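Printed here is run-v2.cif (mmCIF, C-alpha atoms):
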data_input
#
loop_
_atom_site.label_atom_id
_atom_site.label_comp_id
_atom_site.auth_asym_id
_atom_site.auth_seq_id
_atom_site.Cartn_x
_atom_site.Cartn_y
_atom_site.Cartn_z
CA MET E 247 34.82 -105.02 -85.48
CA LEU E 248 32.07 -107.12 -83.88
CA ASN E 249 32.93 -105.62 -80.52
CA LYS E 250 32.58 -102.12 -81.94
CA ILE E 251 29.15 -102.89 -83.42
CA TYR E 252 28.09 -104.40 -80.11
CA ASP E 253 29.36 -101.35 -78.19
CA TRP E 254 27.58 -99.00 -80.58
CA VAL E 255 24.25 -100.77 -80.05
CA ASP E 256 24.84 -101.24 -76.31
CA ASP E 257 25.61 -97.52 -75.97
CA ARG E 258 22.17 -96.64 -77.23
CA LEU E 259 20.00 -99.51 -76.01
CA ASP E 260 21.82 -100.88 -72.95
CA ILE E 261 21.34 -104.49 -74.06
CA THR E 262 23.97 -106.00 -71.74
CA PRO E 263 21.63 -106.48 -68.76
CA LEU E 264 19.13 -108.25 -71.03
CA TRP E 265 21.36 -111.18 -71.91
CA ARG E 266 23.41 -111.05 -68.70
CA ASP E 267 20.21 -111.81 -66.86
CA ILE E 268 19.76 -114.94 -68.99
CA ALA E 269 23.40 -116.04 -69.19
CA ASP E 270 24.81 -115.20 -65.77
CA HIS E 271 23.94 -117.94 -63.40
CA GLU E 272 26.22 -120.36 -61.70
CA VAL E 273 26.14 -124.02 -62.52
CA PRO E 274 25.91 -125.69 -59.10
CA GLU E 275 28.65 -128.23 -58.40
CA HIS E 276 26.24 -131.17 -58.23
CA VAL E 277 25.03 -130.62 -61.83
CA ASN E 278 28.50 -130.09 -63.33
CA PRO E 279 29.87 -133.25 -64.97
CA ALA E 280 33.41 -131.90 -64.47
CA HIS E 281 32.94 -132.41 -60.74
CA HIS E 282 30.79 -135.50 -60.68
CA PHE E 283 30.65 -137.47 -63.91
CA SER E 284 27.23 -138.86 -62.99
CA ALA E 285 25.90 -135.33 -63.41
CA PHE E 286 25.60 -136.04 -67.16
CA VAL E 287 22.02 -137.05 -66.41
CA TYR E 288 21.25 -133.32 -66.17
CA CYS E 289 22.03 -132.95 -69.89
CA PHE E 290 18.89 -134.67 -71.18
CA GLY E 291 16.63 -131.63 -70.87
CA GLY E 292 19.08 -129.48 -72.79
CA LEU E 293 19.51 -132.20 -75.42
CA THR E 294 15.73 -132.37 -75.85
CA PHE E 295 15.73 -128.62 -76.47
CA PHE E 296 18.68 -128.87 -78.88
CA ILE E 297 16.94 -131.54 -80.97
CA THR E 298 13.71 -129.54 -80.87
CA VAL E 299 15.59 -126.62 -82.44
CA ILE E 300 16.87 -128.96 -85.18
CA GLN E 301 13.32 -130.24 -85.72
CA ILE E 302 11.95 -126.71 -86.11
CA LEU E 303 14.73 -125.70 -88.53
CA SER E 304 14.63 -128.83 -90.69
CA GLY E 305 10.81 -128.71 -90.69
CA MET E 306 10.84 -125.12 -91.92
CA PHE E 307 13.09 -126.08 -94.78
CA LEU E 308 11.03 -129.18 -95.68
CA THR E 309 7.90 -127.06 -96.19
CA MET E 310 9.72 -125.33 -99.08
CA TYR E 311 9.00 -128.45 -101.13
CA TYR E 312 6.20 -130.31 -99.34
CA VAL E 313 2.54 -129.97 -100.39
CA PRO E 314 -0.25 -131.19 -98.04
CA ASP E 315 -2.45 -132.50 -100.81
CA ILE E 316 -3.47 -136.11 -101.46
CA LYS E 317 -2.42 -135.95 -105.11
CA ASN E 318 0.93 -134.25 -104.61
CA ALA E 319 2.10 -135.04 -101.06
CA TRP E 320 3.83 -138.33 -101.84
CA GLU E 321 5.22 -137.00 -105.14
CA SER E 322 6.63 -133.90 -103.48
CA VAL E 323 8.26 -135.96 -100.72
CA PHE E 324 9.72 -138.31 -103.33
CA TYR E 325 11.01 -135.30 -105.25
CA LEU E 326 12.61 -133.56 -102.29
CA GLN E 327 14.12 -136.83 -101.09
CA ASN E 328 15.58 -137.94 -104.42
CA GLU E 329 15.97 -134.91 -106.68
CA VAL E 330 16.87 -132.04 -104.36
CA ALA E 331 20.46 -131.70 -103.13
CA PHE E 332 20.78 -132.83 -99.48
CA GLY E 333 17.09 -133.74 -99.51
CA GLN E 334 17.88 -137.11 -97.98
CA ILE E 335 19.91 -135.42 -95.23
CA VAL E 336 17.35 -132.74 -94.35
CA ARG E 337 14.44 -135.20 -94.31
CA GLY E 338 16.68 -137.65 -92.46
CA MET E 339 17.35 -135.04 -89.77
CA HIS E 340 13.61 -134.50 -89.31
CA HIS E 341 12.85 -138.24 -89.41
CA TRP E 342 15.50 -139.42 -86.95
CA GLY E 343 15.24 -136.29 -84.81
CA ALA E 344 11.55 -137.05 -84.29
CA SER E 345 12.41 -140.36 -82.63
CA LEU E 346 15.42 -138.98 -80.79
CA VAL E 347 13.46 -136.12 -79.24
CA ILE E 348 11.06 -138.64 -77.69
CA VAL E 349 13.99 -140.70 -76.35
CA MET E 350 15.72 -137.66 -74.83
CA MET E 351 12.48 -136.38 -73.34
CA PHE E 352 11.83 -139.79 -71.81
CA LEU E 353 15.32 -139.90 -70.26
CA HIS E 354 14.82 -136.36 -68.93
CA THR E 355 11.51 -137.42 -67.39
CA LEU E 356 13.12 -140.47 -65.78
CA ARG E 357 15.87 -138.31 -64.25
CA VAL E 358 13.37 -135.85 -62.80
CA PHE E 359 11.20 -138.71 -61.53
CA PHE E 360 13.91 -140.76 -59.84
CA GLN E 361 15.60 -137.72 -58.32
CA GLY E 362 12.25 -136.56 -56.98
CA ALA E 363 12.92 -133.18 -58.57
CA TYR E 364 9.19 -132.73 -59.23
CA LYS E 365 8.40 -132.29 -55.52
CA LYS E 366 7.28 -129.03 -53.90
CA PRO E 367 7.78 -126.25 -55.05
CA ARG E 368 8.32 -127.66 -58.57
CA GLU E 369 5.01 -129.50 -59.09
CA LEU E 370 3.81 -126.99 -61.67
CA ASN E 371 6.89 -127.46 -63.78
CA TRP E 372 6.28 -131.23 -63.77
CA VAL E 373 2.73 -130.59 -65.00
CA VAL E 374 3.99 -128.33 -67.79
CA GLY E 375 6.61 -130.95 -68.67
CA VAL E 376 3.94 -133.63 -69.01
CA LEU E 377 1.95 -131.30 -71.28
CA ILE E 378 5.08 -130.85 -73.42
CA PHE E 379 5.32 -134.66 -73.56
CA PHE E 380 1.77 -134.90 -74.93
CA VAL E 381 2.39 -132.11 -77.46
CA MET E 382 5.50 -133.95 -78.68
CA LEU E 383 3.54 -137.19 -79.06
CA GLY E 384 0.92 -135.21 -81.01
CA LEU E 385 3.63 -133.83 -83.28
CA GLY E 386 4.88 -137.36 -83.88
CA PHE E 387 1.39 -138.66 -84.64
CA THR E 388 0.43 -135.85 -87.05
CA GLY E 389 3.83 -135.75 -88.76
CA TYR E 390 3.71 -139.49 -89.45
CA LEU E 391 0.79 -139.06 -91.88
CA LEU E 392 2.33 -136.29 -93.97
CA PRO E 393 4.43 -138.40 -96.44
CA TRP E 394 1.08 -139.97 -97.45
CA ASP E 395 2.42 -143.46 -98.07
CA MET E 396 0.81 -146.75 -97.05
CA LYS E 397 2.54 -146.89 -93.68
CA ALA E 398 1.39 -143.36 -92.89
CA LEU E 399 -2.18 -144.07 -93.97
CA PHE E 400 -2.67 -147.24 -91.97
CA ALA E 401 -0.86 -145.92 -88.89
CA THR E 402 -3.24 -142.97 -88.93
CA LYS E 403 -6.26 -145.24 -89.40
CA VAL E 404 -5.24 -147.15 -86.27
CA GLY E 405 -4.58 -143.92 -84.38
CA LEU E 406 -7.99 -142.57 -85.32
CA GLN E 407 -9.64 -145.82 -84.19
CA ILE E 408 -7.97 -145.39 -80.82
CA ALA E 409 -9.36 -141.85 -80.63
CA GLN E 410 -12.76 -143.24 -81.57
CA SER E 411 -12.72 -145.68 -78.67
CA VAL E 412 -13.16 -142.83 -76.17
CA PRO E 413 -16.57 -143.33 -74.51
CA PHE E 414 -19.50 -141.16 -75.69
CA MET E 415 -17.52 -138.52 -77.63
CA GLY E 416 -15.14 -140.84 -79.51
CA THR E 417 -16.72 -140.41 -82.95
CA ALA E 418 -16.82 -136.64 -82.52
CA ILE E 419 -13.10 -136.57 -81.62
CA LYS E 420 -12.28 -138.74 -84.62
CA THR E 421 -14.28 -136.51 -86.97
CA LEU E 422 -12.65 -133.42 -85.54
CA LEU E 423 -9.21 -134.90 -86.18
CA ALA E 424 -9.85 -136.50 -89.57
CA GLY E 425 -12.33 -133.99 -90.99
CA ASP E 426 -14.72 -136.80 -91.92
CA PRO E 427 -16.43 -139.58 -89.91
CA THR E 428 -15.30 -142.36 -92.26
CA ILE E 429 -12.80 -141.14 -94.86
CA VAL E 430 -9.10 -140.72 -94.14
CA GLY E 431 -8.31 -138.46 -97.06
CA ALA E 432 -8.01 -134.92 -98.35
CA GLN E 433 -9.35 -133.20 -95.25
CA THR E 434 -7.38 -135.44 -92.91
CA LEU E 435 -4.11 -134.54 -94.61
CA THR E 436 -4.66 -130.77 -94.55
CA ARG E 437 -5.85 -130.90 -90.94
CA PHE E 438 -2.87 -132.95 -89.81
CA PHE E 439 -0.57 -130.59 -91.67
CA ALA E 440 -2.07 -127.51 -90.02
CA ILE E 441 -1.91 -129.17 -86.59
CA HIS E 442 1.66 -130.37 -87.18
CA VAL E 443 3.02 -127.10 -88.53
CA PHE E 444 1.08 -124.35 -86.74
CA PHE E 445 -1.04 -125.41 -83.77
CA LEU E 446 1.20 -127.85 -81.92
CA PRO E 447 4.49 -125.94 -82.49
CA GLY E 448 2.74 -122.80 -81.21
CA ALA E 449 1.62 -124.64 -78.09
CA LEU E 450 5.08 -126.19 -77.73
CA LEU E 451 6.88 -122.83 -77.80
CA GLY E 452 4.53 -121.41 -75.16
CA LEU E 453 4.91 -124.43 -72.89
CA MET E 454 8.71 -124.46 -73.28
CA ALA E 455 8.87 -120.76 -72.38
CA ALA E 456 6.89 -121.50 -69.21
CA HIS E 457 9.11 -124.54 -68.49
CA PHE E 458 12.33 -122.49 -68.73
CA LEU E 459 10.96 -119.47 -66.85
CA MET E 460 10.06 -121.74 -63.95
CA ILE E 461 13.55 -123.26 -63.87
CA ARG E 462 15.09 -119.78 -63.66
CA LYS E 463 12.63 -118.68 -61.01
CA GLN E 464 12.99 -121.75 -58.79
CA GLY E 465 16.55 -122.76 -59.59
CA ILE E 466 17.66 -126.33 -60.19
CA SER E 467 16.77 -128.83 -57.46
CA GLY E 468 19.46 -129.48 -54.83
CA PRO E 469 21.81 -132.48 -54.60
CA LEU E 470 20.37 -135.81 -53.55
CA MET I 687 59.80 -115.43 -80.03
CA SER I 688 57.34 -113.05 -78.51
CA LYS I 689 55.46 -114.40 -75.61
CA HIS I 690 51.71 -114.64 -76.25
CA ASN I 691 49.69 -114.83 -73.14
CA VAL I 692 46.40 -116.48 -73.94
CA SER I 693 44.25 -116.36 -70.87
CA ARG I 694 42.23 -119.35 -69.82
CA ARG I 695 39.05 -117.37 -70.59
CA GLN I 696 40.28 -116.49 -74.09
CA PHE I 697 41.30 -120.06 -74.82
CA LEU I 698 37.91 -121.36 -73.73
CA SER I 699 36.00 -118.75 -75.70
CA TYR I 700 38.03 -119.49 -78.86
CA THR I 701 37.63 -123.26 -78.63
CA LEU I 702 33.95 -123.04 -77.72
CA THR I 703 33.24 -120.63 -80.60
CA GLY I 704 35.19 -122.87 -82.98
CA VAL I 705 33.53 -126.12 -81.98
CA GLY I 706 30.11 -124.47 -81.75
CA GLY I 707 30.55 -122.87 -85.16
CA PHE I 708 31.60 -126.19 -86.67
CA MET I 709 28.53 -127.94 -85.24
CA ALA I 710 26.19 -125.16 -86.35
CA ALA I 711 27.69 -125.25 -89.85
CA GLY I 712 27.26 -129.02 -90.00
CA MET I 713 23.59 -128.55 -89.16
CA LEU I 714 22.88 -125.54 -91.35
CA MET I 715 24.94 -126.35 -94.46
CA PRO I 716 22.68 -129.19 -95.70
CA MET I 717 19.55 -127.14 -95.03
CA VAL I 718 20.84 -124.06 -96.87
CA ARG I 719 22.02 -126.12 -99.84
CA PHE I 720 18.61 -127.84 -99.83
CA ALA I 721 16.86 -124.47 -99.96
CA VAL I 722 18.96 -122.92 -102.75
CA ASP I 723 18.74 -126.03 -104.95
CA PRO I 724 16.42 -124.49 -107.59
CA VAL I 725 18.99 -121.74 -108.24
CA LEU I 726 21.82 -124.23 -108.74
CA LYS I 727 19.90 -126.84 -110.76
CA ALA I 728 21.12 -127.05 -114.34
CA GLY I 729 18.32 -125.99 -116.67
CA ALA I 730 17.34 -128.54 -119.29
CA GLY I 731 18.40 -127.50 -122.78
CA SER I 732 15.36 -126.38 -124.73
CA ASP I 733 14.46 -128.67 -127.62
CA TYR I 734 12.69 -127.98 -130.88
CA ILE I 735 9.03 -128.87 -130.61
CA ALA I 736 7.20 -130.37 -133.56
CA THR I 737 4.08 -128.59 -134.81
CA LYS I 738 1.41 -129.87 -137.19
CA GLN I 739 2.17 -127.06 -139.65
CA LYS I 740 3.55 -128.22 -143.00
CA VAL I 741 6.27 -125.85 -144.14
CA SER I 742 5.00 -126.02 -147.74
CA GLU I 743 1.59 -124.72 -146.61
CA ILE I 744 2.89 -121.57 -144.95
CA THR I 745 1.60 -118.52 -146.84
CA ALA I 746 2.21 -114.79 -146.68
CA GLU I 747 -0.83 -114.48 -144.40
CA PRO I 748 0.13 -114.92 -140.67
CA LYS I 749 -1.38 -118.11 -139.31
CA ARG I 750 -1.67 -119.12 -135.69
CA VAL I 751 0.25 -122.38 -135.11
CA ASP I 752 -0.45 -124.17 -131.80
CA PHE I 753 1.84 -126.76 -130.32
CA THR I 754 1.91 -128.75 -127.09
CA PHE I 755 4.75 -130.12 -125.06
CA GLU I 756 5.23 -131.87 -121.73
CA GLN I 757 6.40 -129.48 -119.06
CA VAL I 758 8.13 -130.92 -115.99
CA ASP I 759 7.63 -128.67 -112.96
CA ALA I 760 9.44 -130.51 -110.15
CA TRP I 761 6.95 -133.29 -109.22
CA TYR I 762 4.20 -131.97 -111.51
CA LYS I 763 4.15 -132.94 -115.18
CA SER I 764 1.64 -131.32 -117.48
CA GLU I 765 0.80 -130.73 -121.14
CA VAL I 766 1.38 -127.08 -121.95
CA THR I 767 0.09 -125.41 -125.09
CA GLY I 768 1.96 -122.59 -126.81
CA SER I 769 1.36 -120.80 -130.05
CA ALA I 770 3.17 -118.78 -132.72
CA TRP I 771 2.19 -116.51 -135.62
CA VAL I 772 3.84 -117.98 -138.72
CA TYR I 773 4.06 -116.59 -142.27
CA LYS I 774 6.46 -116.13 -145.19
CA ASP I 775 7.85 -112.63 -145.70
CA ASP I 776 8.36 -110.88 -149.03
CA ASN I 777 11.62 -112.76 -149.62
CA GLY I 778 9.89 -116.10 -148.98
CA LYS I 779 11.61 -116.54 -145.62
CA ILE I 780 9.63 -118.02 -142.76
CA VAL I 781 8.91 -115.77 -139.74
CA ALA I 782 7.59 -117.22 -136.45
CA LEU I 783 6.50 -114.53 -133.98
CA SER I 784 5.67 -115.01 -130.32
CA PRO I 785 2.08 -113.97 -129.56
CA VAL I 786 3.03 -112.49 -126.16
CA CYS I 787 2.54 -108.71 -126.16
CA LYS I 788 5.66 -106.82 -125.08
CA HIS I 789 3.56 -104.38 -123.07
CA LEU I 790 2.11 -106.50 -120.24
CA GLY I 791 2.05 -110.01 -121.70
CA CYS I 792 -1.45 -110.42 -123.13
CA THR I 793 -1.88 -112.45 -126.33
CA VAL I 794 -1.90 -110.58 -129.62
CA ASP I 795 -4.16 -111.49 -132.53
CA TRP I 796 -3.78 -110.89 -136.28
CA ASN I 797 -5.98 -108.44 -138.10
CA THR I 798 -8.73 -108.09 -135.47
CA ASP I 799 -8.67 -104.30 -135.19
CA LYS I 800 -10.96 -103.06 -137.98
CA SER I 801 -9.51 -99.52 -138.08
CA ASN I 802 -5.94 -100.84 -138.46
CA PRO I 803 -6.05 -103.79 -140.86
CA ASN I 804 -3.15 -106.16 -141.37
CA GLN I 805 -1.51 -105.54 -138.05
CA PHE I 806 -1.05 -107.59 -134.88
CA PHE I 807 -3.43 -106.26 -132.26
CA CYS I 808 -3.46 -106.65 -128.49
CA PRO I 809 -6.99 -106.18 -127.11
CA CYS I 810 -5.88 -105.35 -123.54
CA HIS I 811 -4.47 -101.88 -124.14
CA TYR I 812 -4.76 -101.52 -127.93
CA GLY I 813 -1.12 -102.28 -128.58
CA ARG I 814 -0.31 -102.74 -132.28
CA TYR I 815 2.53 -104.29 -134.28
CA THR I 816 3.17 -104.27 -138.00
CA LYS I 817 3.29 -107.58 -139.88
CA ASP I 818 7.05 -107.96 -139.30
CA GLY I 819 6.46 -107.70 -135.55
CA MET I 820 7.70 -104.14 -135.04
CA ASN I 821 5.71 -102.21 -132.42
CA VAL I 822 3.72 -99.28 -133.77
CA GLU I 823 4.90 -95.95 -132.40
CA GLY I 824 2.35 -94.36 -130.06
CA THR I 825 0.81 -97.63 -128.84
CA PRO I 826 1.72 -99.13 -125.40
CA PRO I 827 4.33 -101.77 -126.41
CA ILE I 828 7.92 -100.56 -126.16
CA ALA I 829 9.59 -103.41 -128.05
CA PRO I 830 8.89 -105.61 -131.09
CA LEU I 831 7.39 -109.11 -130.68
CA ASP I 832 9.84 -111.90 -129.81
CA MET I 833 10.67 -114.53 -132.42
CA TYR I 834 10.90 -118.31 -132.28
CA ASP I 835 13.93 -120.13 -133.57
CA PHE I 836 12.62 -122.75 -135.97
CA LYS I 837 13.71 -125.48 -138.32
CA GLU I 838 12.15 -127.73 -140.89
CA LYS I 839 12.07 -131.45 -140.30
CA ASP I 840 10.29 -134.01 -142.52
CA GLY I 841 8.33 -131.16 -144.07
CA PHE I 842 6.94 -129.94 -140.76
CA LEU I 843 7.76 -126.77 -138.82
CA HIS I 844 9.62 -127.27 -135.52
CA LEU I 845 9.75 -124.38 -133.06
CA GLY I 846 12.71 -123.75 -130.75
CA PRO I 847 13.63 -121.23 -128.06
CA ILE I 848 12.20 -117.71 -128.06
CA LYS I 849 14.69 -114.94 -128.93
CA PRO I 850 14.35 -111.15 -129.04
CA HIS I 851 13.26 -109.71 -132.39
CA LYS I 852 16.16 -109.44 -134.81
CA GLY I 853 15.03 -106.01 -136.02
CA ALA I 854 13.28 -104.90 -139.18
#

For this file, produce the structure as structure tokens.
Amino acid sequence: MLNKIYDWVDDRLDITPLWRDIADHEVPEHVNPAHHFSAFVYCFGGLTFFITVIQILSGMFLTMYYVPDIKNAWESVFYLQNEVAFGQIVRGMHHWGASLVIVMMFLHTLRVFFQGAYKKPRELNWVVGVLIFFVMLGLGFTGYLLPWDMKALFATKVGLQIAQSVPFMGTAIKTLLAGDPTIVGAQTLTRFFAIHVFFLPGALLGLMAAHFLMIRKQGISGPL
Amino acid sequence: MSKHNVSRRQFLSYTLTGVGGFMAAGMLMPMVRFAVDPVLKAGAGSDYIATKQKVSEITAEPKRVDFTFEQVDAWYKSEVTGSAWVYKDDNGKIVALSPVCKHLGCTVDWNTDKSNPNQFFCPCHYGRYTKDGMNVEGTPPIAPLDMYDFKEKDGFLHLGPIKPHKGA
């Protein structure tokens, strides 16, 4: 049945080469854990991507209940966590996944660093990877405020003070982030929400596309 | 016994699809259940709401009776005001009509159209209803006004769920 549907579509649109091009590439022996168990270190990049997919999915579902408003944010989080079926699980996935994605990304970075896989001709991919790292940290920082509890508020106050300590333009950066030079409030929450849900994920998807395209173009780095 | 030859490729594709499907389901099941929760939530049984209208003071003239109740909308609780047109019919039985026009949902008023006295009138599209709530032929509404279930408690009128008109 599925095969017939696939054949029907393939007959008309010739889709086989499209996915073959993505799927057909050999896994070199030195990155295959079946040959050398130590090759598991090559899994961290893929795990980072896997958790990122979970973050995007669980985040999409959370916005069905969440409101980025100072009066309702905490109430809506409390409601989705305690009143909605599997609310604890879905928010838990997003909460723990946020930490895990940083851990996996860090391990991936360590592997690339200590194997020297960033060297010519892969310098650009290292640069893009570091940008992804910053975007992920930004996602963590902006997402932390959204439950609008005390921990979120004071963590954000500290974060904004760090931004303010930049010489000359610090106050401008802080105002740009928080929406107000002194208040951490209504405008801060909506801004952080917009950054967390639209701007940074958009940047992340673009950077990840570049990251993966470069791997396919250059191939995985050779054995040590 | 017939001899099934499962190739190595087939075996791998079956096990990988199975394990992958199991993992994907474990991920997606909580999220889908989370999303469809409003559909599966048991609705709270509707209660009778007390009004300030004394049953003994209800006359044959329709009177607008307002009532308020606390509405719980997920994390948002608010005081909501509703109203009913209440009167006693020719047999002395109480009638409580919903003021929501059956055309497009505006609020009907009693006896405000000077050319058609003693009728319910909807100002939006000139819909009219007779005193018993039946829609007047030739005006926009296609059904009679809904009715409240009601009961008397301690001499006051209590309004319950809204039901379709029981007919003339």

So that I can check the surroundings of Val722 of chain I, please list as a PDB file with C-alpha atoms, keeping the file's coordinate frame every protein, DNA and RNA residue that reaches within 12 Å of it, counting all atoms listed in the file and ignoring chain neighbours fewer than 6 positions away.
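Okay, out_18.pdb is ready:
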ATOM      1  CA  PHE E 307      13.090-126.080 -94.780  1.00  0.00           C
ATOM      2  CA  MET E 310       9.720-125.330 -99.080  1.00  0.00           C
ATOM      3  CA  TYR E 311       9.000-128.450-101.130  1.00  0.00           C
ATOM      4  CA  VAL E 330      16.870-132.040-104.360  1.00  0.00           C
ATOM      5  CA  ALA E 331      20.460-131.700-103.130  1.00  0.00           C
ATOM      6  CA  PHE E 332      20.780-132.830 -99.480  1.00  0.00           C
ATOM      7  CA  GLY E 333      17.090-133.740 -99.510  1.00  0.00           C
TER       8      GLY E 333
ATOM      9  CA  MET I 715      24.940-126.350 -94.460  1.00  0.00           C
ATOM     10  CA  PRO I 716      22.680-129.190 -95.700  1.00  0.00           C
TER      11      PRO I 716
END

Please provide as a JSON list (two decimals) with C-alpha atoms, in the coordinates of the input all residues within 6 Å of segment 804-812 of chain I, with the sequence filter that same-chain residues fewer than 5 positions apart are discarded (counting all atoms listed in the file).
[["chain", "number", "residue", "atom", "x", "y", "z"],
["I", 794, "VAL", "CA", -1.90, -110.58, -129.62],
["I", 795, "ASP", "CA", -4.16, -111.49, -132.53],
["I", 796, "TRP", "CA", -3.78, -110.89, -136.28],
["I", 797, "ASN", "CA", -5.98, -108.44, -138.10],
["I", 817, "LYS", "CA", 3.29, -107.58, -139.88]]

Resolved residues for the PyMOL selection byres ((chain E) within 10 of (chain I)) as a ChimeraX atom specification: /E:300,303-308,310-311,318-326,329-337,339

7 Å contact set for segment 827-836 of chain I, all atoms listed in the file, chain neighbours under 6 positions out, as a CSV table (one decimal) with C-alpha atoms, in the frame of the given file:
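Listing of result09.csv after writing:
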chain,number,residue,atom,x,y,z
I,782,ALA,CA,7.6,-117.2,-136.4
I,783,LEU,CA,6.5,-114.5,-134.0
I,784,SER,CA,5.7,-115.0,-130.3
I,787,CYS,CA,2.5,-108.7,-126.2
I,788,LYS,CA,5.7,-106.8,-125.1
I,789,HIS,CA,3.6,-104.4,-123.1
I,813,GLY,CA,-1.1,-102.3,-128.6
I,819,GLY,CA,6.5,-107.7,-135.6
I,820,MET,CA,7.7,-104.1,-135.0
I,821,ASN,CA,5.7,-102.2,-132.4
I,843,LEU,CA,7.8,-126.8,-138.8
I,844,HIS,CA,9.6,-127.3,-135.5
I,845,LEU,CA,9.8,-124.4,-133.1
I,846,GLY,CA,12.7,-123.8,-130.8
I,847,PRO,CA,13.6,-121.2,-128.1
I,848,ILE,CA,12.2,-117.7,-128.1
I,849,LYS,CA,14.7,-114.9,-128.9
I,850,PRO,CA,14.4,-111.2,-129.0
I,851,HIS,CA,13.3,-109.7,-132.4

Within 12 Å of segment 358-366 of chain E, which residues of segment 276-336 of chain E show up? Give each one with its shortest atom-to-atom distance in Å (one decimal) and the two atoms involved, counting only C-alpha atoms, rows by chain then rising residue number, as CSV.
residue,atom,partner,partner_atom,distance
E:Ala285,CA,E:Gln361,CA,11.7
E:Val287,CA,E:Val358,CA,9.4
E:Tyr288,CA,E:Val358,CA,8.9
E:Cys289,CA,E:Val358,CA,11.6
E:Phe290,CA,E:Val358,CA,10.1
E:Gly291,CA,E:Val358,CA,9.7

Can you tell me, as JSON, the centre and edge lengths (Å, one decimal) of the axis-aligned box enclosing all of segment 253-259 of chain E's listed atoms after padding each side by 5 Å?
{"center_x": 24.7, "center_y": -99.0, "center_z": -78.3, "size_x": 19.4, "size_y": 14.7, "size_z": 14.6}

Hits of the PyMOL selection byres ((chain E and resi 381) around 10) in this structure, as a ChimeraX atom specification: /E:375-380,382-387,442,445-447,449-450,453
